[in-house]
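Containing TSV, C-alpha atoms: start-v3.tsv.
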chain	number	residue	atom	x	y	z
A	1	GLU	CA	-13.50	-24.85	3.24
A	2	THR	CA	-11.10	-26.04	0.55
A	3	GLY	CA	-8.94	-28.40	2.56
A	4	VAL	CA	-6.07	-25.91	2.44
A	5	THR	CA	-5.57	-23.94	5.64
A	6	GLN	CA	-3.34	-20.92	6.02
A	7	THR	CA	-2.26	-19.23	9.23
A	8	PRO	CA	-2.23	-16.53	10.27
A	9	ARG	CA	-5.00	-14.85	8.30
A	10	HIS	CA	-3.56	-11.41	8.95
A	11	LEU	CA	-0.02	-10.36	9.80
A	12	VAL	CA	1.53	-6.98	10.43
A	13	MET	CA	5.28	-6.93	10.73
A	14	GLY	CA	8.08	-4.44	10.84
A	15	MET	CA	10.87	-4.44	8.31
A	16	THR	CA	13.33	-5.91	10.81
A	17	ASN	CA	11.05	-8.70	12.02
A	18	LYS	CA	11.19	-12.38	11.18
A	19	LYS	CA	7.91	-14.22	10.77
A	20	SER	CA	6.61	-17.33	9.07
A	21	LEU	CA	3.48	-18.15	7.14
A	22	LYS	CA	2.08	-21.63	7.41
A	23	CYS	CA	0.04	-23.69	4.98
A	24	GLU	CA	-1.44	-27.11	5.60
A	25	GLN	CA	-3.41	-29.39	3.32
A	26	HIS	CA	-5.17	-32.64	4.08
A	27	LEU	CA	-6.13	-33.51	0.53
A	28	GLY	CA	-3.38	-36.01	-0.08
A	29	HIS	CA	-1.84	-33.72	-2.66
A	30	ASN	CA	1.81	-33.89	-3.62
A	31	ALA	CA	2.33	-30.39	-4.97
A	32	MET	CA	2.14	-27.13	-3.06
A	33	TYR	CA	2.50	-23.56	-4.20
A	34	TRP	CA	3.01	-20.06	-2.87
A	35	TYR	CA	1.41	-17.19	-4.79
A	36	LYS	CA	1.53	-13.45	-4.17
A	37	GLN	CA	-1.57	-11.40	-4.92
A	38	SER	CA	-0.99	-7.65	-5.12
A	39	ALA	CA	-3.42	-5.00	-6.18
A	40	LYS	CA	-3.59	-4.49	-9.93
A	41	LYS	CA	-1.13	-7.28	-10.69
A	42	PRO	CA	-1.60	-10.85	-11.85
A	43	LEU	CA	-1.30	-13.60	-9.33
A	44	GLU	CA	2.43	-14.18	-9.12
A	45	LEU	CA	3.72	-17.69	-8.67
A	46	MET	CA	6.56	-17.67	-6.16
A	47	PHE	CA	7.48	-21.26	-5.38
A	48	VAL	CA	6.42	-24.76	-6.34
A	49	TYR	CA	7.13	-27.89	-4.36
A	50	ASN	CA	6.48	-31.36	-5.73
A	51	PHE	CA	6.98	-34.31	-3.40
A	52	LYS	CA	8.77	-31.96	-0.98
A	53	GLU	CA	11.28	-30.90	-3.61
A	54	GLN	CA	11.37	-27.33	-4.82
A	55	THR	CA	10.76	-27.37	-8.55
A	56	GLU	CA	10.21	-23.68	-9.17
A	57	ASN	CA	11.62	-20.49	-7.75
A	58	ASN	CA	10.19	-17.67	-9.76
A	59	SER	CA	13.03	-15.18	-9.17
A	60	VAL	CA	11.81	-14.47	-5.68
A	61	PRO	CA	14.06	-12.30	-3.45
A	62	SER	CA	15.98	-14.18	-0.79
A	63	ARG	CA	14.08	-12.39	1.97
A	64	PHE	CA	11.38	-14.98	1.21
A	65	SER	CA	12.49	-18.46	2.17
A	66	PRO	CA	10.17	-21.45	1.63
A	67	GLU	CA	10.28	-24.71	3.50
A	68	CYS	CA	8.39	-27.90	2.78
A	69	PRO	CA	9.06	-30.51	5.48
A	70	ASN	CA	6.46	-32.91	4.07
A	71	SER	CA	3.79	-32.99	1.39
A	72	SER	CA	1.14	-31.66	3.76
A	73	HIS	CA	2.94	-28.60	5.09
A	74	LEU	CA	4.46	-25.58	3.48
A	75	PHE	CA	6.04	-22.57	5.16
A	76	LEU	CA	7.14	-19.19	3.95
A	77	HIS	CA	9.77	-17.63	6.18
A	78	LEU	CA	9.96	-13.86	6.01
A	79	HIS	CA	12.79	-11.57	7.09
A	80	THR	CA	13.79	-7.97	6.44
A	81	LEU	CA	10.80	-7.39	4.21
A	82	GLN	CA	9.99	-4.15	2.43
A	83	PRO	CA	6.70	-2.25	2.41
A	84	GLU	CA	6.18	-3.26	-1.21
A	85	ASP	CA	6.01	-6.89	-0.04
A	86	SER	CA	2.65	-6.11	1.53
A	87	ALA	CA	0.15	-8.35	-0.26
A	88	LEU	CA	-2.10	-11.36	0.06
A	89	TYR	CA	-0.03	-14.54	0.09
A	90	LEU	CA	-1.90	-17.54	-1.16
A	91	CYS	CA	-1.04	-21.17	-0.71
A	92	ALA	CA	-2.39	-23.79	-3.07
A	93	SER	CA	-2.08	-27.51	-3.54
A	94	SER	CA	-2.73	-29.90	-6.38
A	95	PRO	CA	-2.45	-33.66	-6.80
A	96	GLY	CA	0.91	-33.38	-8.46
A	97	THR	CA	3.00	-31.85	-11.18
A	98	GLY	CA	4.16	-33.37	-14.42
A	99	GLY	CA	1.60	-32.43	-17.01
A	100	SER	CA	-1.37	-34.24	-15.57
A	101	ASN	CA	-4.91	-32.90	-15.58
A	102	THR	CA	-5.01	-31.18	-12.25
A	103	GLU	CA	-6.51	-28.16	-10.65
A	104	ALA	CA	-5.30	-26.16	-7.71
A	105	PHE	CA	-7.08	-25.73	-4.42
A	106	PHE	CA	-6.40	-22.48	-2.63
A	107	GLY	CA	-6.26	-21.44	0.97
A	108	GLN	CA	-7.84	-18.20	2.15
A	109	GLY	CA	-4.54	-16.43	2.19
A	110	THR	CA	-2.51	-14.42	4.66
A	111	ARG	CA	-2.91	-10.67	4.37
A	112	LEU	CA	0.57	-9.33	5.08
A	113	THR	CA	1.28	-5.71	5.89
A	114	VAL	CA	4.87	-4.57	6.23
A	115	VAL	CA	5.29	-1.34	8.16
B	116	ALA	CA	7.01	-16.01	-22.27
B	117	GLN	CA	3.67	-17.63	-21.70
B	118	SER	CA	0.95	-15.29	-20.51
B	119	VAL	CA	-2.75	-14.98	-19.90
B	120	SER	CA	-4.61	-11.83	-20.87
B	121	GLN	CA	-7.93	-10.76	-19.48
B	122	HIS	CA	-9.27	-7.90	-21.50
B	123	ASN	CA	-11.60	-6.32	-18.99
B	124	HIS	CA	-10.20	-5.20	-15.66
B	125	HIS	CA	-13.41	-3.86	-14.24
B	126	VAL	CA	-16.93	-4.63	-15.46
B	127	ILE	CA	-20.14	-3.15	-14.10
B	128	LEU	CA	-23.48	-4.68	-15.08
B	129	SER	CA	-27.06	-4.56	-13.93
B	130	GLU	CA	-28.80	-7.68	-12.69
B	131	ALA	CA	-30.17	-9.90	-15.48
B	132	ALA	CA	-27.64	-8.56	-17.98
B	133	SER	CA	-25.58	-11.04	-19.97
B	134	LEU	CA	-21.91	-11.43	-19.19
B	135	GLU	CA	-18.89	-12.30	-21.25
B	136	LEU	CA	-15.37	-11.98	-19.89
B	137	GLY	CA	-12.52	-12.38	-22.33
B	138	CYS	CA	-9.44	-14.54	-21.79
B	139	ASN	CA	-6.60	-15.23	-24.20
B	140	TYR	CA	-3.43	-17.15	-23.60
B	141	SER	CA	-0.14	-17.34	-25.41
B	142	TYR	CA	1.17	-20.89	-25.65
B	143	GLY	CA	1.24	-23.12	-28.67
B	144	GLY	CA	1.08	-26.45	-26.88
B	145	THR	CA	-1.62	-28.35	-25.06
B	146	VAL	CA	-3.21	-26.53	-22.17
B	147	ASN	CA	-5.64	-27.00	-19.34
B	148	LEU	CA	-7.84	-23.97	-18.83
B	149	PHE	CA	-9.57	-22.68	-15.73
B	150	TRP	CA	-11.73	-19.91	-14.44
B	151	TYR	CA	-11.46	-19.16	-10.75
B	152	VAL	CA	-13.67	-16.81	-8.77
B	153	GLN	CA	-12.87	-14.90	-5.61
B	154	TYR	CA	-15.88	-13.55	-3.74
B	155	PRO	CA	-15.24	-10.63	-1.39
B	156	GLY	CA	-13.31	-11.84	1.64
B	157	GLN	CA	-13.20	-15.43	0.44
B	158	HIS	CA	-10.64	-17.76	-1.06
B	159	LEU	CA	-10.11	-18.46	-4.72
B	160	GLN	CA	-12.37	-21.24	-5.87
B	161	LEU	CA	-12.75	-23.11	-9.12
B	162	LEU	CA	-15.63	-22.01	-11.32
B	163	LEU	CA	-15.01	-24.35	-14.24
B	164	LYS	CA	-12.23	-26.12	-16.09
B	165	TYR	CA	-11.39	-27.52	-19.47
B	166	PHE	CA	-9.07	-30.48	-19.89
B	167	SER	CA	-10.25	-32.10	-23.11
B	168	GLY	CA	-13.39	-33.06	-25.03
B	169	ASP	CA	-16.34	-30.74	-25.56
B	170	PRO	CA	-14.92	-27.22	-25.83
B	171	LEU	CA	-18.07	-25.79	-24.26
B	172	VAL	CA	-17.69	-26.28	-20.55
B	173	LYS	CA	-20.39	-25.71	-17.97
B	174	GLY	CA	-19.50	-24.74	-14.45
B	175	ILE	CA	-21.21	-23.85	-11.23
B	176	LYS	CA	-23.81	-21.13	-10.78
B	177	GLY	CA	-24.83	-21.04	-14.43
B	178	PHE	CA	-21.42	-20.09	-15.81
B	179	GLU	CA	-19.99	-21.59	-18.96
B	180	ALA	CA	-16.87	-21.07	-21.03
B	181	GLU	CA	-15.90	-21.96	-24.56
B	182	PHE	CA	-12.43	-23.03	-25.59
B	183	ILE	CA	-11.61	-21.86	-29.10
B	184	LYS	CA	-8.22	-23.32	-29.90
B	185	SER	CA	-7.71	-21.33	-33.09
B	186	LYS	CA	-8.18	-18.10	-31.16
B	187	PHE	CA	-6.30	-19.20	-28.03
B	188	SER	CA	-9.34	-18.06	-26.11
B	189	PHE	CA	-11.41	-19.30	-23.19
B	190	ASN	CA	-14.14	-16.71	-22.62
B	191	LEU	CA	-16.46	-16.92	-19.66
B	192	ARG	CA	-20.19	-16.37	-20.12
B	193	LYS	CA	-23.38	-16.20	-18.14
B	194	PRO	CA	-26.74	-15.37	-19.74
B	195	SER	CA	-28.20	-13.51	-16.77
B	196	VAL	CA	-26.06	-12.27	-13.88
B	197	GLN	CA	-27.15	-11.85	-10.28
B	198	TRP	CA	-26.01	-9.45	-7.59
B	199	SER	CA	-24.30	-12.40	-5.88
B	200	ASP	CA	-21.98	-12.77	-8.88
B	201	THR	CA	-20.10	-9.69	-7.71
B	202	ALA	CA	-16.54	-10.99	-7.38
B	203	GLU	CA	-13.15	-11.08	-9.04
B	204	TYR	CA	-12.70	-13.59	-11.84
B	205	PHE	CA	-9.37	-15.08	-12.84
B	206	CYS	CA	-8.57	-17.00	-15.98
B	207	ALA	CA	-5.72	-19.49	-15.62
B	208	VAL	CA	-3.76	-21.86	-17.80
B	209	THR	CA	-1.71	-24.92	-17.01
B	210	LEU	CA	0.87	-25.78	-19.60
B	211	MET	CA	0.80	-29.48	-20.28
B	212	ASN	CA	4.17	-31.20	-20.45
B	213	ARG	CA	5.66	-28.20	-18.71
B	214	ASP	CA	4.84	-29.23	-15.14
B	215	ASP	CA	1.70	-27.89	-13.53
B	216	LYS	CA	2.74	-24.30	-13.17
B	217	ILE	CA	-0.51	-22.40	-13.26
B	218	ILE	CA	-0.37	-19.02	-14.98
B	219	PHE	CA	-3.06	-16.53	-14.01
B	220	GLY	CA	-4.44	-13.49	-15.72
B	221	LYS	CA	-4.70	-10.17	-13.89
B	222	GLY	CA	-8.30	-10.76	-13.01
B	223	THR	CA	-11.55	-8.99	-13.83
B	224	ARG	CA	-13.44	-7.29	-11.09
B	225	LEU	CA	-17.17	-7.73	-11.73
B	226	HIS	CA	-19.65	-5.48	-9.98
B	227	ILE	CA	-23.35	-6.22	-10.34
B	228	LEU	CA	-25.79	-3.44	-9.59
B	229	PRO	CA	-28.95	-4.56	-7.80
Take the structure in the file and write it out as structure tokens.
Amino acid sequence: ETGVTQTPRHLVMGMTNKKSLKCEQHLGHNAMYWYKQSAKKPLELMFVYNFKEQTENNSVPSRFSPECPNSSHLFLHLHTLQPEDSALYLCASSPGTGGSNTEAFFGQGTRLTVV
Amino acid sequence: AQSVSQHNHHVILSEAASLELGCNYSYGGTVNLFWYVQYPGQHLQLLLKYFSGDPLVKGIKGFEAEFIKSKFSFNLRKPSVQWSDTAEYFCAVTLMNRDDKIIFGKGTRLHILP
């Protein structure tokens, strides 16, 4: 248990569906991240939120829409996805951004399959 | 662009063999360095980290890594591996003074034969 909880653990959705991934952390961290983990590719940073403000959007298609209502919760809203979006989506949190000595704590991920 | 390179994508060793996984990064500034491990079906977890000080860092489960600044390297080592070390290992870098964006390598899948 890392203190970062992701739900659901598994999700199968059609290309016309709309779904959301949820991430919650109770570590008192101020920064939260979404990563995509695909086979044979590096972990891809998608979004970074620091104190609820989005500080990084790593050229992610608009069919992925993040939301960070507070420092403890992070969502990833999904719509009209493609089969190539199937991957493990990882949420992470860290104390904060800004060049400090920090490490990230990861959730267990949501295994997404787009059919 | 900054990047992290892990030289070995798939490593197979017998128990008790020694392990060294290579990691190089491309960034000229100050960095924080990490090795994360992902056991089958589990979440990514921190194995060890380097922020400053002694460049030889010891982590959990007998792992260690050495930061060699002149070589931009942070190789992971273990003198004698166990079957339970079977996992995927990720090297990662945080660029200091460039927010805490963590850049990961592609990972090395380690398989230990019993």
Q | CA of Glu56 (chain A) to CA of Ala31 (chain A), distance in Å rounded to a single decimal | A |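 Computing it gives 11.2 Å between the two atoms.
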Q: Up to 12 Å from chain A, what residues of chain B turn up? Count all atoms listed in the file and give them as a ChimeraX atom specification.
A: /B:118-121,124-125,144-167,203-224
Q: For CA of Val60 (chain A) and CA of Thr7 (chain A), quote the distance in Å rounded to one decimal.
A: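 According to the coordinates, CA of Val60 (chain A) and CA of Thr7 (chain A) are separated by 21.0 Å.
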(Q) Given all atoms listed in the file as the basis, pick out the residue of B:Ala180, B:Asn139, B:Ser129, B:Leu134 nearest to Trp198 (chain B). (A)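 Closest to Trp198 (chain B) of all the choices is B:Ser129.
Computed from the coordinates, the CA of Leu88 (chain A) to CA of Asp200 (chain B) distance equals 21.8 Å.
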Q. Contacts of Met13 (chain A) at 8 Å or less, counting all atoms listed in the file, minus same-chain residues fewer than 4 places along, as a list in words?
A.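 The filter keeps Asn17, Lys19, Leu112, Thr113, Val114 and Val115 of chain A.
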Filled-in N, CA and C atoms of region 67-94 of chain A, supplied as a PDB file, keeping the file's coordinate frame:
ATOM      1  N   GLU A  67       9.882 -23.436   2.905  1.00  0.00           N
ATOM      2  CA  GLU A  67      10.280 -24.710   3.500  1.00  0.00           C
ATOM      3  C   GLU A  67       9.127 -25.683   3.365  1.00  0.00           C
ATOM      4  N   CYS A  68       9.427 -26.886   2.952  1.00  0.00           N
ATOM      5  CA  CYS A  68       8.390 -27.900   2.780  1.00  0.00           C
ATOM      6  C   CYS A  68       8.859 -29.182   3.465  1.00  0.00           C
ATOM      7  N   PRO A  69       8.556 -29.335   4.754  1.00  0.00           N
ATOM      8  CA  PRO A  69       9.060 -30.510   5.480  1.00  0.00           C
ATOM      9  C   PRO A  69       8.385 -31.816   5.059  1.00  0.00           C
ATOM     10  N   ASN A  70       7.162 -31.727   4.573  1.00  0.00           N
ATOM     11  CA  ASN A  70       6.460 -32.910   4.070  1.00  0.00           C
ATOM     12  C   ASN A  70       5.396 -32.442   3.090  1.00  0.00           C
ATOM     13  N   SER A  71       4.739 -33.359   2.455  1.00  0.00           N
ATOM     14  CA  SER A  71       3.790 -32.990   1.390  1.00  0.00           C
ATOM     15  C   SER A  71       2.562 -32.266   1.904  1.00  0.00           C
ATOM     16  N   SER A  72       2.351 -32.285   3.217  1.00  0.00           N
ATOM     17  CA  SER A  72       1.140 -31.660   3.760  1.00  0.00           C
ATOM     18  C   SER A  72       1.379 -30.256   4.289  1.00  0.00           C
ATOM     19  N   HIS A  73       2.636 -29.876   4.460  1.00  0.00           N
ATOM     20  CA  HIS A  73       2.940 -28.600   5.090  1.00  0.00           C
ATOM     21  C   HIS A  73       3.905 -27.781   4.238  1.00  0.00           C
ATOM     22  N   LEU A  74       3.614 -26.509   4.223  1.00  0.00           N
ATOM     23  CA  LEU A  74       4.460 -25.580   3.480  1.00  0.00           C
ATOM     24  C   LEU A  74       4.577 -24.301   4.299  1.00  0.00           C
ATOM     25  N   PHE A  75       5.807 -23.803   4.414  1.00  0.00           N
ATOM     26  CA  PHE A  75       6.040 -22.570   5.160  1.00  0.00           C
ATOM     27  C   PHE A  75       6.662 -21.533   4.237  1.00  0.00           C
ATOM     28  N   LEU A  76       6.437 -20.293   4.607  1.00  0.00           N
ATOM     29  CA  LEU A  76       7.140 -19.190   3.950  1.00  0.00           C
ATOM     30  C   LEU A  76       7.742 -18.331   5.039  1.00  0.00           C
ATOM     31  N   HIS A  77       9.067 -18.386   5.154  1.00  0.00           N
ATOM     32  CA  HIS A  77       9.770 -17.630   6.180  1.00  0.00           C
ATOM     33  C   HIS A  77      10.113 -16.247   5.628  1.00  0.00           C
ATOM     34  N   LEU A  78       9.828 -15.258   6.448  1.00  0.00           N
ATOM     35  CA  LEU A  78       9.960 -13.860   6.010  1.00  0.00           C
ATOM     36  C   LEU A  78      10.969 -13.139   6.895  1.00  0.00           C
ATOM     37  N   HIS A  79      11.874 -12.389   6.287  1.00  0.00           N
ATOM     38  CA  HIS A  79      12.790 -11.570   7.090  1.00  0.00           C
ATOM     39  C   HIS A  79      13.232 -10.358   6.300  1.00  0.00           C
ATOM     40  N   THR A  80      13.397  -9.268   7.015  1.00  0.00           N
ATOM     41  CA  THR A  80      13.790  -7.970   6.440  1.00  0.00           C
ATOM     42  C   THR A  80      12.983  -7.627   5.205  1.00  0.00           C
ATOM     43  N   LEU A  81      11.668  -7.698   5.351  1.00  0.00           N
ATOM     44  CA  LEU A  81      10.800  -7.390   4.210  1.00  0.00           C
ATOM     45  C   LEU A  81      10.697  -5.882   3.985  1.00  0.00           C
ATOM     46  N   GLN A  82      10.196  -5.534   2.829  1.00  0.00           N
ATOM     47  CA  GLN A  82       9.990  -4.150   2.430  1.00  0.00           C
ATOM     48  C   GLN A  82       8.500  -3.838   2.384  1.00  0.00           C
ATOM     49  N   PRO A  83       8.140  -2.583   2.497  1.00  0.00           N
ATOM     50  CA  PRO A  83       6.700  -2.250   2.410  1.00  0.00           C
ATOM     51  C   PRO A  83       6.041  -2.745   1.141  1.00  0.00           C
ATOM     52  N   GLU A  84       6.784  -2.800   0.045  1.00  0.00           N
ATOM     53  CA  GLU A  84       6.180  -3.260  -1.210  1.00  0.00           C
ATOM     54  C   GLU A  84       5.895  -4.762  -1.210  1.00  0.00           C
ATOM     55  N   ASP A  85       6.334  -5.460  -0.166  1.00  0.00           N
ATOM     56  CA  ASP A  85       6.010  -6.890  -0.040  1.00  0.00           C
ATOM     57  C   ASP A  85       4.620  -7.092   0.567  1.00  0.00           C
ATOM     58  N   SER A  86       4.008  -6.009   1.003  1.00  0.00           N
ATOM     59  CA  SER A  86       2.650  -6.110   1.530  1.00  0.00           C
ATOM     60  C   SER A  86       1.732  -6.637   0.435  1.00  0.00           C
ATOM     61  N   ALA A  87       0.998  -7.697   0.745  1.00  0.00           N
ATOM     62  CA  ALA A  87       0.150  -8.350  -0.260  1.00  0.00           C
ATOM     63  C   ALA A  87      -0.622  -9.476   0.410  1.00  0.00           C
ATOM     64  N   LEU A  88      -1.431 -10.127  -0.390  1.00  0.00           N
ATOM     65  CA  LEU A  88      -2.100 -11.360   0.060  1.00  0.00           C
ATOM     66  C   LEU A  88      -1.268 -12.525  -0.442  1.00  0.00           C
ATOM     67  N   TYR A  89      -0.847 -13.375   0.464  1.00  0.00           N
ATOM     68  CA  TYR A  89      -0.030 -14.540   0.090  1.00  0.00           C
ATOM     69  C   TYR A  89      -0.924 -15.770   0.135  1.00  0.00           C
ATOM     70  N   LEU A  90      -1.008 -16.403  -1.009  1.00  0.00           N
ATOM     71  CA  LEU A  90      -1.900 -17.540  -1.160  1.00  0.00           C
ATOM     72  C   LEU A  90      -1.114 -18.828  -1.280  1.00  0.00           C
ATOM     73  N   CYS A  91      -1.585 -19.822  -0.589  1.00  0.00           N
ATOM     74  CA  CYS A  91      -1.040 -21.170  -0.710  1.00  0.00           C
ATOM     75  C   CYS A  91      -2.038 -22.001  -1.509  1.00  0.00           C
ATOM     76  N   ALA A  92      -1.524 -22.886  -2.307  1.00  0.00           N
ATOM     77  CA  ALA A  92      -2.390 -23.790  -3.070  1.00  0.00           C
ATOM     78  C   ALA A  92      -1.764 -25.170  -3.094  1.00  0.00           C
ATOM     79  N   SER A  93      -2.597 -26.158  -3.353  1.00  0.00           N
ATOM     80  CA  SER A  93      -2.080 -27.510  -3.540  1.00  0.00           C
ATOM     81  C   SER A  93      -2.781 -28.148  -4.722  1.00  0.00           C
ATOM     82  N   SER A  94      -2.128 -29.129  -5.301  1.00  0.00           N
ATOM     83  CA  SER A  94      -2.730 -29.900  -6.380  1.00  0.00           C
ATOM     84  C   SER A  94      -2.198 -31.323  -6.283  1.00  0.00           C
TER      85      SER A  94
END
